[in-house]
Amino acid sequence: MYHNLQELLDIAMERKTPLWKIILENEMKLSQMTEEEVFANLSRRLKVMEASAHKAMNQNLHVEGSLINGLAYSQNQYAKQGNTLSGELINHVMALALSSSEVNVAMGKICAAPTAGSCGILPAVLIGVKEVKNLSEREVLQGLLTASGVGAIVVKNATVSGAEGGCQAECGVAAAMAAAAAVEMSGGDAQMAIDAFSLVIINVMGLVCDPIAGLVQVPCAQRNASQAVNAIICADMALAGMKCIVPADEVVEAMYRVGKQLPSELKETALGGLAASKTAKRIQEDIFGR
């Protein structure tokens with residue numbers, strides 16, 4: 001039915017319908033599932049996302065050896081104070097994202113969306129938008145369908161792997177997926193959703209993957225929080241009428257090309273970037289020995 005973002009957008013604009021409806025048709029055709037079965041599968045995944053996004057919010061989820069214990073709890077407590085710089089929603093969304101990251105470190109159940117390392121971004125945005133817009137589960141599932149559809153296009157034409165494309169491809173694409181969903185959940189049209197998707201990737205272009213000690217903890221958790229915020233602000237920019245002057249498929253192509261140009265030290269090997277700092281090396285030695 002479609003092979004890239006432009007083809008998906010063209011169909012949606014021609015029919016004057018949101019992206020999720022076109023993606024639903026495609027999913028039903030490929031999977032041979034009914035609409036009800038597709039949404040039932042989405043609902044199961046959403047429940048996993050919601051559980052991981054909330055688990056560490058109201059308790060200090062202590063895991064032996066974790067570098068990110070208690071981050072979600074602290075962020076959530078701060079969000080509730082009412083005197084934050086960026087407002088309660090942004091801080092709440094960051095806490096939700098951090099929670100899933102903590103659950104991932106604890107070997108808990110998460111939904112890779114699109115990867116385990118970026119598992120907190122999409123749930124945080126879906127839940128945050130649901131709460132602020134007072135949406136039904138069906139409306140959230142429609143957003144999840146939009147996110148999954150645009151994410152699948154990136155998987156087909158580029159990469160979402162930090163080891164292949166850096167964190168721009170992992171947390172960046174997760175945020176782009178979330179932004180497209182947030183736009184449609186907020187009443188924006190298909191063009192706005194694609195613009196938001198593109199703006200996210202532009203904002204994160206060139207971001208390296210440099211996990212301390214090779215663990216999916218720092219700076220992965222912080223990037224889950226920051227990229228959830230990236231998704232929210234790009235959705236707002238698109239809803240305000242901002243266009244992306246570079247077509248979405250060209251943005252994805254540029255991201256993929258940049259990923260290939262990154263040296264191996266900056267793609268999940270823990271040999272460069274933050275992972276190569278003196279403190280990071282000491283932490284690695286403390287955990288694994290010399």
# chains A, B, ... in the order shown; residues from 1 in each chain; ligands from 1

$ residues_around --residues "A:Leu5" --least-positions-apart "5" --cutoff "8 Å" --atoms "only C-alpha atoms" --output "ChimeraX atom specification"
/A:150,153,194,248-249

$ write_last_selection --atoms "N, CA and C atoms" --output "short mmCIF file (atom, residue, chain, number, x, y, z; two decimals), in the first residue's frame"
data_model
loop_
_atom_site.label_atom_id
_atom_site.label_comp_id
_atom_site.auth_asym_id
_atom_site.auth_seq_id
_atom_site.Cartn_x
_atom_site.Cartn_y
_atom_site.Cartn_z
N VAL A 150 4.65 4.62 11.37
CA VAL A 150 5.77 5.43 10.89
C VAL A 150 7.09 4.81 11.31
N ILE A 153 8.15 2.10 8.91
CA ILE A 153 8.71 2.64 7.67
C ILE A 153 10.20 2.93 7.85
N ILE A 194 3.39 14.20 10.25
CA ILE A 194 4.65 13.92 9.55
C ILE A 194 5.65 15.05 9.77
N ALA A 248 10.04 14.30 4.78
CA ALA A 248 10.31 13.35 5.85
C ALA A 248 11.24 12.22 5.42
N ASP A 249 11.04 11.69 4.23
CA ASP A 249 11.89 10.59 3.77
C ASP A 249 13.34 11.03 3.58
#

$ residues_around --residues "A:Lys55" --least-positions-apart "3" --cutoff "10 Å" --atoms "only C-alpha atoms" --output "JSON, numbers by chain"
{"A": [50, 51, 52, 58, 59, 60, 61, 72, 73, 96, 99, 100, 102, 103, 108]}

$ write_last_selection --atoms "all heavy atoms" --output "mmCIF file, in the first residue's frame"
data_model
loop_
_atom_site.group_PDB
_atom_site.id
_atom_site.type_symbol
_atom_site.label_atom_id
_atom_site.label_comp_id
_atom_site.auth_asym_id
_atom_site.auth_seq_id
_atom_site.Cartn_x
_atom_site.Cartn_y
_atom_site.Cartn_z
ATOM 1 N N GLU A 50 2.092 0.987 29.990
ATOM 2 C CA GLU A 50 1.557 1.733 31.139
ATOM 3 C C GLU A 50 2.136 1.204 32.447
ATOM 4 O O GLU A 50 2.483 1.978 33.344
ATOM 5 C CB GLU A 50 0.035 1.653 31.146
ATOM 6 C CG GLU A 50 -0.620 2.456 30.025
ATOM 7 C CD GLU A 50 -2.125 2.269 29.956
ATOM 8 O OE1 GLU A 50 -2.612 1.171 30.327
ATOM 9 O OE2 GLU A 50 -2.815 3.209 29.534
ATOM 10 N N ALA A 51 2.251 -0.115 32.549
ATOM 11 C CA ALA A 51 2.779 -0.716 33.777
ATOM 12 C C ALA A 51 4.236 -0.307 34.006
ATOM 13 O O ALA A 51 4.625 0.068 35.121
ATOM 14 C CB ALA A 51 2.657 -2.239 33.715
ATOM 15 N N SER A 52 5.051 -0.359 32.961
ATOM 16 C CA SER A 52 6.464 -0.008 33.119
ATOM 17 C C SER A 52 6.635 1.493 33.371
ATOM 18 O O SER A 52 7.521 1.904 34.124
ATOM 19 C CB SER A 52 7.266 -0.430 31.883
ATOM 20 O OG SER A 52 6.930 0.342 30.743
ATOM 21 N N ASN A 58 6.245 5.963 41.907
ATOM 22 C CA ASN A 58 5.855 6.230 43.288
ATOM 23 C C ASN A 58 6.587 5.358 44.295
ATOM 24 O O ASN A 58 6.189 5.271 45.459
ATOM 25 C CB ASN A 58 4.340 6.048 43.443
ATOM 26 C CG ASN A 58 3.564 7.047 42.595
ATOM 27 O OD1 ASN A 58 3.757 8.250 42.711
ATOM 28 N ND2 ASN A 58 2.713 6.545 41.715
ATOM 29 N N GLN A 59 7.649 4.706 43.844
ATOM 30 C CA GLN A 59 8.497 3.928 44.745
ATOM 31 C C GLN A 59 9.930 3.974 44.236
ATOM 32 O O GLN A 59 10.166 4.114 43.040
ATOM 33 C CB GLN A 59 8.025 2.468 44.798
ATOM 34 C CG GLN A 59 8.066 1.759 43.447
ATOM 35 C CD GLN A 59 7.733 0.281 43.550
ATOM 36 O OE1 GLN A 59 8.130 -0.380 44.489
ATOM 37 N NE2 GLN A 59 6.981 -0.227 42.581
ATOM 38 N N ASN A 60 10.860 3.873 45.146
ATOM 39 C CA ASN A 60 12.268 3.854 44.779
ATOM 40 C C ASN A 60 12.621 2.432 44.365
ATOM 41 O O ASN A 60 12.841 1.563 45.199
ATOM 42 C CB ASN A 60 13.132 4.306 45.960
ATOM 43 C CG ASN A 60 14.533 4.688 45.517
ATOM 44 O OD1 ASN A 60 15.040 4.146 44.549
ATOM 45 N ND2 ASN A 60 15.137 5.612 46.241
ATOM 46 N N LEU A 61 12.643 2.198 43.076
ATOM 47 C CA LEU A 61 12.862 0.856 42.541
ATOM 48 C C LEU A 61 14.353 0.542 42.604
ATOM 49 O O LEU A 61 15.096 0.813 41.669
ATOM 50 C CB LEU A 61 12.352 0.767 41.101
ATOM 51 C CG LEU A 61 12.315 -0.609 40.444
ATOM 52 C CD1 LEU A 61 11.354 -1.531 41.184
ATOM 53 C CD2 LEU A 61 11.881 -0.485 38.983
ATOM 54 N N ALA A 72 13.164 8.121 38.475
ATOM 55 C CA ALA A 72 11.758 8.371 38.150
ATOM 56 C C ALA A 72 11.004 8.897 39.367
ATOM 57 O O ALA A 72 10.206 9.835 39.264
ATOM 58 C CB ALA A 72 11.095 7.092 37.633
ATOM 59 N N TYR A 73 11.265 8.300 40.532
ATOM 60 C CA TYR A 73 10.597 8.723 41.762
ATOM 61 C C TYR A 73 10.928 10.180 42.094
ATOM 62 O O TYR A 73 10.032 10.987 42.391
ATOM 63 C CB TYR A 73 11.008 7.810 42.916
ATOM 64 C CG TYR A 73 10.434 8.217 44.248
ATOM 65 C CD1 TYR A 73 9.105 7.923 44.569
ATOM 66 C CD2 TYR A 73 11.198 8.911 45.183
ATOM 67 C CE1 TYR A 73 8.561 8.303 45.791
ATOM 68 C CE2 TYR A 73 10.667 9.294 46.406
ATOM 69 C CZ TYR A 73 9.350 8.994 46.697
ATOM 70 O OH TYR A 73 8.806 9.378 47.902
ATOM 71 N N LEU A 96 7.763 9.516 33.720
ATOM 72 C CA LEU A 96 7.211 8.309 33.096
ATOM 73 C C LEU A 96 8.261 7.602 32.239
ATOM 74 O O LEU A 96 8.390 6.372 32.271
ATOM 75 C CB LEU A 96 6.002 8.677 32.223
ATOM 76 C CG LEU A 96 4.733 9.118 32.948
ATOM 77 C CD1 LEU A 96 3.767 9.797 31.978
ATOM 78 C CD2 LEU A 96 4.044 7.927 33.622
ATOM 79 N N SER A 99 10.893 5.932 34.388
ATOM 80 C CA SER A 99 10.376 4.727 35.028
ATOM 81 C C SER A 99 10.571 3.498 34.141
ATOM 82 O O SER A 99 11.043 2.453 34.602
ATOM 83 C CB SER A 99 8.889 4.897 35.371
ATOM 84 O OG SER A 99 8.360 3.702 35.925
ATOM 85 N N SER A 100 10.211 3.607 32.889
ATOM 86 C CA SER A 100 10.390 2.460 31.979
ATOM 87 C C SER A 100 11.861 2.091 31.851
ATOM 88 O O SER A 100 12.202 0.909 31.771
ATOM 89 C CB SER A 100 9.806 2.786 30.601
ATOM 90 O OG SER A 100 8.397 2.874 30.646
ATOM 91 N N GLU A 102 14.115 2.430 34.157
ATOM 92 C CA GLU A 102 14.472 1.720 35.391
ATOM 93 C C GLU A 102 13.949 0.289 35.376
ATOM 94 O O GLU A 102 14.634 -0.641 35.813
ATOM 95 C CB GLU A 102 13.933 2.475 36.606
ATOM 96 C CG GLU A 102 14.666 3.766 36.916
ATOM 97 C CD GLU A 102 14.298 4.326 38.279
ATOM 98 O OE1 GLU A 102 14.466 3.602 39.284
ATOM 99 O OE2 GLU A 102 13.845 5.485 38.347
ATOM 100 N N VAL A 103 12.745 0.107 34.891
ATOM 101 C CA VAL A 103 12.172 -1.238 34.805
ATOM 102 C C VAL A 103 12.995 -2.098 33.846
ATOM 103 O O VAL A 103 13.226 -3.282 34.094
ATOM 104 C CB VAL A 103 10.695 -1.173 34.358
ATOM 105 C CG1 VAL A 103 10.153 -2.569 34.047
ATOM 106 C CG2 VAL A 103 9.841 -0.521 35.441
ATOM 107 N N GLY A 108 12.694 -6.034 34.145
ATOM 108 C CA GLY A 108 11.241 -6.125 34.179
ATOM 109 C C GLY A 108 10.669 -6.172 32.776
ATOM 110 O O GLY A 108 11.396 -6.151 31.779
#

$ residues_around --residues "A:Arg138" --least-positions-apart "3" --cutoff "10 Å" --atoms "only C-alpha atoms" --output "list in words"
Phe39, Leu42, Ser43, Leu135, Leu141, Gln142, Gly143 and Leu144 of chain A

$ write_last_selection --atoms "C-alpha atoms" --output "PDB file, in the first residue's frame"
ATOM      1  CA  PHE A  39      -6.664  -3.199  18.442  1.00  0.00           C
ATOM      2  CA  LEU A  42      -2.298  -2.924  20.587  1.00  0.00           C
ATOM      3  CA  SER A  43      -4.185  -2.898  23.885  1.00  0.00           C
ATOM      4  CA  LEU A 135      -8.582  10.767  25.938  1.00  0.00           C
ATOM      5  CA  LEU A 141      -4.475   3.050  20.699  1.00  0.00           C
ATOM      6  CA  GLN A 142      -5.004   5.020  17.510  1.00  0.00           C
ATOM      7  CA  GLY A 143      -1.962   7.079  18.464  1.00  0.00           C
ATOM      8  CA  LEU A 144      -0.003   3.909  19.119  1.00  0.00           C
TER       9      LEU A 144
END

$ atom_distance --atom1 "atom CA of A:Asn157" --atom2 "atom CA of A:Ala12"
19.9 Å

$ closest_residue --among "A:Ile90, A:Val216, A:Ala147, A:Ile22" --to "A:Met107" --atoms "only C-alpha atoms"
A:Val216

$ select_by_dssp --residues "stretch 134-227 of chain A" --states "alpha helix (DSSP H)" --output "PyMOL selection string"
chain A and resi 137-157+162-165+167-185+190-204+220-227

$ residues_around --residues "A:Ile121" --least-positions-apart "5" --cutoff "12 Å" --atoms "only C-alpha atoms" --output "PyMOL selection string"
chain A and resi 49-50+52-53+93-101+110-116+126-128+147+170-179+181-182+220-232

$ write_last_selection --atoms "N, CA and C atoms" --output "tab-separated table (two decimals), in the first residue's frame"
chain	number	residue	atom	x	y	z
A	49	MET	N	3.22	-1.09	28.44
A	49	MET	CA	3.82	0.25	28.47
A	49	MET	C	3.38	1.01	29.71
A	50	GLU	N	2.09	0.99	29.99
A	50	GLU	CA	1.56	1.73	31.14
A	50	GLU	C	2.14	1.20	32.45
A	52	SER	N	5.05	-0.36	32.96
A	52	SER	CA	6.46	-0.01	33.12
A	52	SER	C	6.64	1.49	33.37
A	53	ALA	N	5.78	2.31	32.75
A	53	ALA	CA	5.88	3.76	32.92
A	53	ALA	C	5.45	4.22	34.30
A	93	VAL	N	6.06	13.74	32.24
A	93	VAL	CA	6.43	12.91	31.09
A	93	VAL	C	7.86	12.39	31.26
A	94	MET	N	8.76	13.23	31.74
A	94	MET	CA	10.13	12.77	31.99
A	94	MET	C	10.15	11.65	33.02
A	95	ALA	N	9.37	11.79	34.07
A	95	ALA	CA	9.32	10.76	35.11
A	95	ALA	C	8.79	9.44	34.55
A	96	LEU	N	7.76	9.52	33.72
A	96	LEU	CA	7.21	8.31	33.10
A	96	LEU	C	8.26	7.60	32.24
A	97	ALA	N	9.01	8.39	31.47
A	97	ALA	CA	10.05	7.81	30.61
A	97	ALA	C	11.15	7.17	31.45
A	98	LEU	N	11.57	7.85	32.50
A	98	LEU	CA	12.61	7.32	33.38
A	98	LEU	C	12.17	6.02	34.05
A	99	SER	N	10.89	5.93	34.39
A	99	SER	CA	10.38	4.73	35.03
A	99	SER	C	10.57	3.50	34.14
A	100	SER	N	10.21	3.61	32.89
A	100	SER	CA	10.39	2.46	31.98
A	100	SER	C	11.86	2.09	31.85
A	101	SER	N	12.74	3.09	31.83
A	101	SER	CA	14.17	2.81	31.77
A	101	SER	C	14.63	2.04	33.00
A	110	ILE	N	9.02	-4.73	29.63
A	110	ILE	CA	8.85	-3.47	28.91
A	110	ILE	C	8.43	-3.78	27.48
A	111	CYS	N	8.01	-2.76	26.77
A	111	CYS	CA	7.68	-2.90	25.35
A	111	CYS	C	8.73	-2.14	24.56
A	112	ALA	N	9.51	-2.85	23.77
A	112	ALA	CA	10.53	-2.21	22.94
A	112	ALA	C	9.83	-1.42	21.83
A	113	ALA	N	9.96	-0.11	21.91
A	113	ALA	CA	9.20	0.74	20.99
A	113	ALA	C	10.03	1.91	20.51
A	114	PRO	N	10.95	1.76	19.57
A	114	PRO	CA	11.18	0.52	18.82
A	114	PRO	C	12.24	-0.40	19.41
A	115	THR	N	12.97	0.05	20.47
A	115	THR	CA	14.02	-0.76	21.07
A	115	THR	C	13.88	-0.75	22.58
A	116	ALA	N	14.59	-1.67	23.24
A	116	ALA	CA	14.57	-1.69	24.70
A	116	ALA	C	15.23	-0.43	25.27
A	126	LEU	N	2.51	8.97	25.10
A	126	LEU	CA	1.13	8.49	24.98
A	126	LEU	C	0.34	8.76	26.26
A	127	ILE	N	0.94	8.43	27.40
A	127	ILE	CA	0.26	8.61	28.68
A	127	ILE	C	0.10	10.09	29.00
A	128	GLY	N	1.14	10.86	28.75
A	128	GLY	CA	1.07	12.29	29.02
A	128	GLY	C	-0.01	12.99	28.22
A	147	ALA	N	2.14	5.66	15.61
A	147	ALA	CA	3.55	5.54	15.96
A	147	ALA	C	4.17	4.28	15.36
A	170	GLU	N	17.91	5.49	17.55
A	170	GLU	CA	17.22	4.71	18.57
A	170	GLU	C	16.24	5.60	19.35
A	171	CYS	N	16.76	6.44	20.21
A	171	CYS	CA	15.89	7.36	20.95
A	171	CYS	C	15.27	8.40	20.02
A	172	GLY	N	16.00	8.79	18.99
A	172	GLY	CA	15.47	9.78	18.06
A	172	GLY	C	14.25	9.31	17.31
A	173	VAL	N	14.31	8.10	16.77
A	173	VAL	CA	13.16	7.58	16.03
A	173	VAL	C	11.99	7.30	16.99
A	174	ALA	N	12.30	6.81	18.19
A	174	ALA	CA	11.24	6.60	19.18
A	174	ALA	C	10.49	7.91	19.45
A	175	ALA	N	11.24	9.00	19.57
A	175	ALA	CA	10.62	10.30	19.80
A	175	ALA	C	9.84	10.78	18.59
A	176	ALA	N	10.35	10.50	17.40
A	176	ALA	CA	9.64	10.88	16.18
A	176	ALA	C	8.32	10.14	16.07
A	177	MET	N	8.35	8.86	16.38
A	177	MET	CA	7.12	8.07	16.42
A	177	MET	C	6.12	8.67	17.40
A	178	ALA	N	6.63	9.02	18.58
A	178	ALA	CA	5.77	9.57	19.62
A	178	ALA	C	5.18	10.92	19.22
A	179	ALA	N	5.97	11.74	18.54
A	179	ALA	CA	5.49	13.06	18.12
A	179	ALA	C	4.36	12.94	17.11
A	181	ALA	N	2.31	10.47	16.83
A	181	ALA	CA	1.14	10.02	17.59
A	181	ALA	C	0.51	11.16	18.36
A	182	ALA	N	1.35	11.96	19.02
A	182	ALA	CA	0.84	13.06	19.84
A	182	ALA	C	0.05	14.06	19.02
A	220	CYS	N	21.45	6.63	28.60
A	220	CYS	CA	20.22	6.14	27.94
A	220	CYS	C	18.95	6.63	28.64
A	221	ALA	N	18.92	6.51	29.97
A	221	ALA	CA	17.74	6.93	30.70
A	221	ALA	C	17.47	8.41	30.54
A	222	GLN	N	18.52	9.21	30.65
A	222	GLN	CA	18.37	10.66	30.48
A	222	GLN	C	17.89	11.01	29.08
A	223	ARG	N	18.32	10.26	28.10
A	223	ARG	CA	17.89	10.51	26.72
A	223	ARG	C	16.45	10.04	26.49
A	224	ASN	N	16.01	9.06	27.24
A	224	ASN	CA	14.59	8.71	27.18
A	224	ASN	C	13.76	9.89	27.67
A	225	ALA	N	14.19	10.50	28.77
A	225	ALA	CA	13.46	11.66	29.30
A	225	ALA	C	13.52	12.84	28.34
A	226	SER	N	14.71	13.16	27.85
A	226	SER	CA	14.86	14.34	27.00
A	226	SER	C	14.16	14.16	25.65
A	227	GLN	N	14.18	12.95	25.12
A	227	GLN	CA	13.54	12.73	23.82
A	227	GLN	C	12.02	12.63	23.92
A	228	ALA	N	11.52	12.25	25.08
A	228	ALA	CA	10.07	12.34	25.30
A	228	ALA	C	9.64	13.81	25.24
A	229	VAL	N	10.47	14.67	25.82
A	229	VAL	CA	10.21	16.11	25.76
A	229	VAL	C	10.37	16.63	24.34
A	230	ASN	N	11.37	16.17	23.63
A	230	ASN	CA	11.55	16.53	22.22
A	230	ASN	C	10.29	16.22	21.43
A	231	ALA	N	9.71	15.06	21.68
A	231	ALA	CA	8.47	14.67	20.98
A	231	ALA	C	7.34	15.64	21.28
A	232	ILE	N	7.20	16.02	22.54
A	232	ILE	CA	6.12	16.92	22.94
A	232	ILE	C	6.28	18.30	22.29

$ closest_atom_pairs --of "stretch 105-200 of chain A" --to "stretch 85-89 of chain A" --cutoff "12 Å" --atoms "only C-alpha atoms" --output "CSV"
residue,atom,partner,partner_atom,distance
A:Ala124,CA,A:Leu89,CA,10.4
A:Val125,CA,A:Leu89,CA,10.0
A:Ile127,CA,A:Leu89,CA,10.5
A:Gly128,CA,A:Leu89,CA,6.9
A:Val129,CA,A:Leu89,CA,8.9
A:Lys130,CA,A:Leu89,CA,11.3
A:Glu131,CA,A:Leu89,CA,9.2
A:Val132,CA,A:Leu89,CA,7.8
A:Lys133,CA,A:Leu89,CA,11.4

$ closest_residue --among "A:Thr279, A:Ser74, A:Thr17, A:Ser66" --to "A:Gln217" --atoms "only C-alpha atoms"
A:Ser66

$ decode --residues "stretch 192-202 of chain A" --atoms "all heavy atoms" --output "PDB file, in the first residue's frame"
ATOM      1  N   MET A 192       0.598  17.477   9.621  1.00  0.00           N
ATOM      2  CA  MET A 192       1.184  17.943  10.875  1.00  0.00           C
ATOM      3  C   MET A 192       1.931  16.814  11.582  1.00  0.00           C
ATOM      4  O   MET A 192       3.007  17.032  12.157  1.00  0.00           O
ATOM      5  CB  MET A 192       0.086  18.495  11.794  1.00  0.00           C
ATOM      6  CG  MET A 192      -0.518  19.806  11.335  1.00  0.00           C
ATOM      7  SD  MET A 192      -1.874  20.287  12.449  1.00  0.00           S
ATOM      8  CE  MET A 192      -2.252  21.924  11.806  1.00  0.00           C
ATOM      9  N   ALA A 193       1.357  15.626  11.553  1.00  0.00           N
ATOM     10  CA  ALA A 193       1.991  14.473  12.202  1.00  0.00           C
ATOM     11  C   ALA A 193       3.339  14.154  11.571  1.00  0.00           C
ATOM     12  O   ALA A 193       4.328  13.898  12.271  1.00  0.00           O
ATOM     13  CB  ALA A 193       1.069  13.257  12.132  1.00  0.00           C
ATOM     14  N   ILE A 194       3.394  14.197  10.248  1.00  0.00           N
ATOM     15  CA  ILE A 194       4.646  13.921   9.547  1.00  0.00           C
ATOM     16  C   ILE A 194       5.653  15.048   9.770  1.00  0.00           C
ATOM     17  O   ILE A 194       6.859  14.808   9.902  1.00  0.00           O
ATOM     18  CB  ILE A 194       4.391  13.693   8.047  1.00  0.00           C
ATOM     19  CG1 ILE A 194       3.554  12.415   7.833  1.00  0.00           C
ATOM     20  CG2 ILE A 194       5.693  13.614   7.270  1.00  0.00           C
ATOM     21  CD1 ILE A 194       4.235  11.142   8.294  1.00  0.00           C
ATOM     22  N   ASP A 195       5.181  16.283   9.832  1.00  0.00           N
ATOM     23  CA  ASP A 195       6.071  17.400  10.127  1.00  0.00           C
ATOM     24  C   ASP A 195       6.681  17.241  11.514  1.00  0.00           C
ATOM     25  O   ASP A 195       7.885  17.467  11.709  1.00  0.00           O
ATOM     26  CB  ASP A 195       5.328  18.733  10.027  1.00  0.00           C
ATOM     27  CG  ASP A 195       5.127  19.190   8.595  1.00  0.00           C
ATOM     28  OD1 ASP A 195       6.012  18.930   7.757  1.00  0.00           O
ATOM     29  OD2 ASP A 195       4.086  19.812   8.304  1.00  0.00           O
ATOM     30  N   ALA A 196       5.868  16.871  12.500  1.00  0.00           N
ATOM     31  CA  ALA A 196       6.368  16.671  13.861  1.00  0.00           C
ATOM     32  C   ALA A 196       7.412  15.562  13.894  1.00  0.00           C
ATOM     33  O   ALA A 196       8.460  15.682  14.543  1.00  0.00           O
ATOM     34  CB  ALA A 196       5.218  16.342  14.804  1.00  0.00           C
ATOM     35  N   PHE A 197       7.123  14.477  13.202  1.00  0.00           N
ATOM     36  CA  PHE A 197       8.059  13.363  13.081  1.00  0.00           C
ATOM     37  C   PHE A 197       9.412  13.852  12.568  1.00  0.00           C
ATOM     38  O   PHE A 197      10.464  13.554  13.133  1.00  0.00           O
ATOM     39  CB  PHE A 197       7.454  12.325  12.125  1.00  0.00           C
ATOM     40  CG  PHE A 197       8.378  11.190  11.764  1.00  0.00           C
ATOM     41  CD1 PHE A 197       8.284   9.974  12.417  1.00  0.00           C
ATOM     42  CD2 PHE A 197       9.322  11.326  10.755  1.00  0.00           C
ATOM     43  CE1 PHE A 197       9.135   8.920  12.085  1.00  0.00           C
ATOM     44  CE2 PHE A 197      10.174  10.292  10.409  1.00  0.00           C
ATOM     45  CZ  PHE A 197      10.083   9.078  11.075  1.00  0.00           C
ATOM     46  N   SER A 198       9.388  14.644  11.501  1.00  0.00           N
ATOM     47  CA  SER A 198      10.619  15.129  10.877  1.00  0.00           C
ATOM     48  C   SER A 198      11.372  16.102  11.780  1.00  0.00           C
ATOM     49  O   SER A 198      12.601  16.051  11.873  1.00  0.00           O
ATOM     50  CB  SER A 198      10.285  15.812   9.544  1.00  0.00           C
ATOM     51  OG  SER A 198       9.604  14.922   8.679  1.00  0.00           O
ATOM     52  N   LEU A 199      10.640  16.992  12.435  1.00  0.00           N
ATOM     53  CA  LEU A 199      11.265  17.975  13.314  1.00  0.00           C
ATOM     54  C   LEU A 199      12.023  17.304  14.460  1.00  0.00           C
ATOM     55  O   LEU A 199      13.097  17.746  14.861  1.00  0.00           O
ATOM     56  CB  LEU A 199      10.217  18.938  13.866  1.00  0.00           C
ATOM     57  CG  LEU A 199       9.589  19.888  12.835  1.00  0.00           C
ATOM     58  CD1 LEU A 199       8.361  20.572  13.418  1.00  0.00           C
ATOM     59  CD2 LEU A 199      10.602  20.924  12.344  1.00  0.00           C
ATOM     60  N   VAL A 200      11.464  16.230  14.973  1.00  0.00           N
ATOM     61  CA  VAL A 200      12.139  15.488  16.048  1.00  0.00           C
ATOM     62  C   VAL A 200      13.507  15.004  15.591  1.00  0.00           C
ATOM     63  O   VAL A 200      14.514  15.173  16.286  1.00  0.00           O
ATOM     64  CB  VAL A 200      11.285  14.294  16.507  1.00  0.00           C
ATOM     65  CG1 VAL A 200      12.136  13.313  17.318  1.00  0.00           C
ATOM     66  CG2 VAL A 200      10.108  14.747  17.350  1.00  0.00           C
ATOM     67  N   ILE A 201      13.550  14.366  14.432  1.00  0.00           N
ATOM     68  CA  ILE A 201      14.809  13.797  13.955  1.00  0.00           C
ATOM     69  C   ILE A 201      15.820  14.896  13.636  1.00  0.00           C
ATOM     70  O   ILE A 201      17.025  14.754  13.896  1.00  0.00           O
ATOM     71  CB  ILE A 201      14.570  12.877  12.744  1.00  0.00           C
ATOM     72  CG1 ILE A 201      13.730  11.671  13.188  1.00  0.00           C
ATOM     73  CG2 ILE A 201      15.884  12.409  12.135  1.00  0.00           C
ATOM     74  CD1 ILE A 201      13.420  10.682  12.099  1.00  0.00           C
ATOM     75  N   ILE A 202      15.337  16.000  13.105  1.00  0.00           N
ATOM     76  CA  ILE A 202      16.229  17.145  12.863  1.00  0.00           C
ATOM     77  C   ILE A 202      16.866  17.593  14.185  1.00  0.00           C
ATOM     78  O   ILE A 202      18.070  17.894  14.247  1.00  0.00           O
ATOM     79  CB  ILE A 202      15.449  18.306  12.215  1.00  0.00           C
ATOM     80  CG1 ILE A 202      15.138  17.976  10.751  1.00  0.00           C
ATOM     81  CG2 ILE A 202      16.232  19.612  12.309  1.00  0.00           C
ATOM     82  CD1 ILE A 202      14.241  18.981  10.085  1.00  0.00           C
TER      83      ILE A 202
END
